[in-house]
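Text of the file input-v8.json, holding JSON, C-alpha atoms:
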[["chain", "number", "residue", "atom", "x", "y", "z"],
["A", 1, "MET", "CA", -32.03, 18.12, -3.41],
["A", 2, "ASN", "CA", -35.32, 17.87, -1.62],
["A", 3, "ASN", "CA", -38.27, 20.07, -2.31],
["A", 4, "ARG", "CA", -38.52, 22.21, 0.83],
["A", 5, "HIS", "CA", -42.31, 22.09, 0.84],
["A", 6, "THR", "CA", -42.83, 18.34, 0.57],
["A", 7, "ASN", "CA", -39.43, 17.02, 1.70],
["A", 8, "ARG", "CA", -39.42, 14.79, -1.39],
["A", 9, "PRO", "CA", -36.67, 14.62, -3.94],
["A", 10, "ASP", "CA", -36.89, 17.40, -6.49],
["A", 11, "PRO", "CA", -37.37, 15.68, -9.86],
["A", 12, "THR", "CA", -35.49, 18.48, -11.63],
["A", 13, "SER", "CA", -32.34, 17.96, -9.54],
["A", 14, "PRO", "CA", -29.54, 15.89, -11.00],
["A", 15, "PRO", "CA", -29.42, 12.36, -9.61],
["A", 16, "GLY", "CA", -27.07, 11.54, -6.77],
["A", 17, "PRO", "CA", -23.62, 10.14, -7.35],
["A", 18, "ARG", "CA", -23.52, 7.38, -9.88],
["A", 19, "THR", "CA", -22.50, 3.99, -8.66],
["A", 20, "ARG", "CA", -20.54, 1.46, -10.63],
["A", 21, "HIS", "CA", -22.38, -1.70, -11.62],
["A", 22, "ALA", "CA", -22.00, -4.00, -8.66],
["A", 23, "GLU", "CA", -20.20, -7.25, -9.27],
["A", 24, "PRO", "CA", -21.47, -10.44, -7.70],
["A", 25, "HIS", "CA", -20.30, -10.96, -4.14],
["A", 26, "ASP", "CA", -17.21, -13.18, -3.92],
["A", 27, "PRO", "CA", -16.72, -14.42, -0.36],
["A", 28, "ASP", "CA", -13.14, -15.48, -1.16],
["A", 29, "ARG", "CA", -12.13, -12.11, -2.58],
["A", 30, "PRO", "CA", -9.05, -10.73, -0.78],
["A", 31, "ALA", "CA", -9.98, -7.54, 1.08],
["A", 32, "TRP", "CA", -6.85, -5.78, -0.20],
["A", 33, "PHE", "CA", -7.64, -6.40, -3.88],
["A", 34, "THR", "CA", -9.58, -3.54, -5.45],
["A", 35, "GLY", "CA", -9.53, -4.64, -9.08],
["A", 36, "SER", "CA", -12.35, -6.05, -11.16],
["A", 37, "ALA", "CA", -13.61, -9.62, -10.98],
["A", 38, "GLU", "CA", -11.89, -10.24, -14.32],
["A", 39, "LYS", "CA", -8.53, -9.06, -12.95],
["A", 40, "LEU", "CA", -9.01, -11.14, -9.82],
["A", 41, "ALA", "CA", -9.62, -14.24, -11.97],
["A", 42, "VAL", "CA", -6.34, -13.64, -13.81],
["A", 43, "LEU", "CA", -4.50, -13.00, -10.54],
["A", 44, "ARG", "CA", -5.89, -16.26, -9.16],
["A", 45, "ARG", "CA", -4.72, -18.06, -12.30],
["A", 46, "ALA", "CA", -1.21, -16.67, -11.78],
["A", 47, "ALA", "CA", -1.30, -17.61, -8.10],
["A", 48, "ALA", "CA", -2.29, -21.19, -8.93],
["A", 49, "ALA", "CA", 0.52, -21.43, -11.49],
["A", 50, "ARG", "CA", 3.13, -20.55, -8.83],
["A", 51, "ASP", "CA", 1.44, -22.11, -5.78],
["A", 52, "VAL", "CA", 0.97, -18.71, -4.15],
["A", 53, "VAL", "CA", -1.80, -18.42, -1.59],
["A", 54, "LEU", "CA", -3.70, -15.13, -1.83],
["A", 55, "ASP", "CA", -4.18, -14.20, 1.81],
["A", 56, "PRO", "CA", -7.62, -12.66, 2.31],
["A", 57, "GLY", "CA", -6.41, -9.94, 4.67],
["A", 58, "THR", "CA", -2.80, -9.23, 3.71],
["A", 59, "PRO", "CA", -1.32, -8.24, 0.34],
["A", 60, "PRO", "CA", 1.44, -10.46, -1.01],
["A", 61, "GLY", "CA", 4.93, -10.09, 0.41],
["A", 62, "GLU", "CA", 7.97, -9.43, -1.77],
["A", 63, "GLU", "CA", 8.66, -13.06, -2.69],
["A", 64, "ASP", "CA", 5.02, -13.92, -3.48],
["A", 65, "ALA", "CA", 4.64, -10.69, -5.47],
["A", 66, "ARG", "CA", 7.70, -11.63, -7.55],
["A", 67, "LEU", "CA", 6.28, -15.10, -8.17],
["A", 68, "LEU", "CA", 2.94, -13.61, -9.20],
["A", 69, "THR", "CA", 4.66, -11.11, -11.48],
["A", 70, "ASP", "CA", 6.62, -13.91, -13.15],
["A", 71, "ALA", "CA", 3.46, -15.93, -13.70],
["A", 72, "LEU", "CA", 1.67, -12.89, -15.10],
["A", 73, "ALA", "CA", 4.58, -12.20, -17.45],
["A", 74, "GLY", "CA", 4.13, -15.72, -18.80],
["A", 75, "LEU", "CA", 0.42, -15.11, -19.34],
["A", 76, "LEU", "CA", 1.24, -11.84, -21.06],
["A", 77, "LEU", "CA", 3.63, -13.56, -23.46],
["A", 78, "ASP", "CA", 1.19, -16.42, -24.10],
["A", 79, "GLY", "CA", -1.87, -14.35, -24.96],
["A", 80, "GLY", "CA", -1.38, -10.67, -24.31],
["A", 81, "PHE", "CA", -0.25, -9.53, -27.75],
["A", 82, "ASP", "CA", -1.63, -9.61, -31.26],
["A", 83, "GLY", "CA", 0.35, -10.70, -34.32],
["A", 84, "ASP", "CA", 2.11, -7.32, -34.49],
["A", 85, "TRP", "CA", 3.07, -7.41, -30.78],
["A", 86, "ASN", "CA", 0.50, -4.79, -29.83],
["A", 87, "PRO", "CA", -1.10, -5.43, -26.43],
["A", 88, "THR", "CA", -4.58, -6.92, -26.59],
["A", 89, "PRO", "CA", -7.27, -5.99, -24.04],
["A", 90, "PHE", "CA", -6.17, -9.07, -22.06],
["A", 91, "GLY", "CA", -2.57, -7.86, -22.35],
["A", 92, "HIS", "CA", -3.51, -4.47, -20.91],
["A", 93, "LEU", "CA", -5.30, -6.18, -18.04],
["A", 94, "VAL", "CA", -2.23, -8.30, -17.26],
["A", 95, "GLU", "CA", 0.08, -5.27, -17.55],
["A", 96, "ASP", "CA", -2.12, -3.44, -15.02],
["A", 97, "LEU", "CA", -1.77, -6.34, -12.59],
["A", 98, "ILE", "CA", 2.00, -6.46, -13.07],
["A", 99, "ASP", "CA", 2.25, -2.72, -12.44],
["A", 100, "ALA", "CA", 0.17, -3.01, -9.27],
["A", 101, "LEU", "CA", 2.21, -5.95, -7.95],
["A", 102, "ASP", "CA", 5.45, -4.12, -8.60],
["A", 103, "ASN", "CA", 4.75, -2.06, -5.47],
["A", 104, "TYR", "CA", 4.85, -5.26, -3.42],
["A", 105, "ALA", "CA", 7.64, -7.02, -5.32],
["A", 106, "ASP", "CA", 10.03, -4.09, -5.04],
["A", 107, "PRO", "CA", 8.84, -1.83, -2.21],
["A", 108, "ASP", "CA", 11.95, 0.40, -2.27]]
Would you mind giving the structure from this file in structure tokens?
Amino acid sequence: MNNRHTNRPDPTSPPGPRTRHAEPHDPDRPAWFTGSAEKLAVLRRAAAARDVVLDPGTPPGEEDARLLTDALAGLLLDGGFDGDWNPTPFGHLVEDLIDALDNYADPD
């Protein structure tokens, strides 16, 4: 809020909305992808493993989403669990990507 006498911010008012720490600008980031830079790196790794092109303006179609999901499942099995088969932080990240892609792989 502004002080009505000086039109300056009132130092006793709570700050405005908090903003998330901005990630570095990635000019190749697909516009449809809203995840973190870390998730995007893993998605790109999966895309490279299955020769899927991440279109900058359009989310993956059913076939590409299935291919990405399969590649992510492989990453999950390779490094997403600890010795007791509990998901690691990387495993949770991959599971989040798989869940998000499921909407594209099986839109019905």
Of the listed residues A:Pro56, A:Gly79, A:Leu93, A:Glu63, that which approaches Ser36 (chain A) most closely, counting all atoms listed in the file: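 Of A:Pro56, A:Gly79, A:Leu93, A:Glu63, the one nearest Ser36 (chain A), counting all atoms listed in the file, is A:Leu93.
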Point-to-point distance in Å for CA of Ala71 (chain A) and CA of Ala31 (chain A):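 Between these atoms lies a distance of 21.7 Å.
Nearest residue to Asp28 (chain A) among A:Asp55, A:Glu95, A:Asp102, A:Asp108 is A:Asp55, counting all atoms listed in the file.
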Nearest to Asp64 (chain A), chosen from A:Asp106, A:Glu38, A:Asp99, A:Asp78, with all atoms listed in the file counted in the distances: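 The answer is A:Asp106, which sits nearest to Asp64 (chain A).
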Each side padded by 3 Å, which centre and which edge lengths in Å (one decimal) define the axis-aligned box around the listed atoms of region 55-73 of chain A? Give them as AutoDock Vina command-line options.
--center_x 0.5 --center_y -12.1 --center_z -6.4 --size_x 22.3 --size_y 13.7 --size_z 28.1
Atomic distance CA of Asn86 (chain A) - CA of Arg66 (chain A), expressed in Å with one decimal: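 Separation between CA of Asn86 (chain A) and CA of Arg66 (chain A): 24.4 Å.
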Point-to-point distance in Å for CA of Arg44 (chain A) and CA of Leu101 (chain A):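 Interatomic distance, CA of Leu101 (chain A) to CA of Arg44 (chain A): 13.2 Å.
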Minimum-distance residue to Val42 (chain A), chosen among A:Gly80, A:Pro107, A:Pro87, A:Gly61 (using all atoms listed in the file):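 Closest to Val42 (chain A) of all the choices is A:Gly80.
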Using all atoms listed in the file: which of A:Pro60, A:Leu76, A:Thr69, A:Ala100 has the shortest distance to Thr34 (chain A): A:Ala100
From A:Leu72, A:Asp96, A:Arg29, A:Glu62, residue lying nearest Ala47 (chain A) [all atoms listed in the file]: A:Leu72
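The neighbours of Leu67 (chain A) here are the residues that come within 12 Å of it, using all atoms listed in the file and leaving out any residue fewer than 6 positions away in the same chain; they are Leu43, Ala46, Ala47, Ala48, Ala49, Arg50, Asp51, Val52, Val53, Leu54, Pro60, Gly61, Ala73, Gly74, Ile98, Leu101, Asp102, Tyr104 and Ala105 of chain A.
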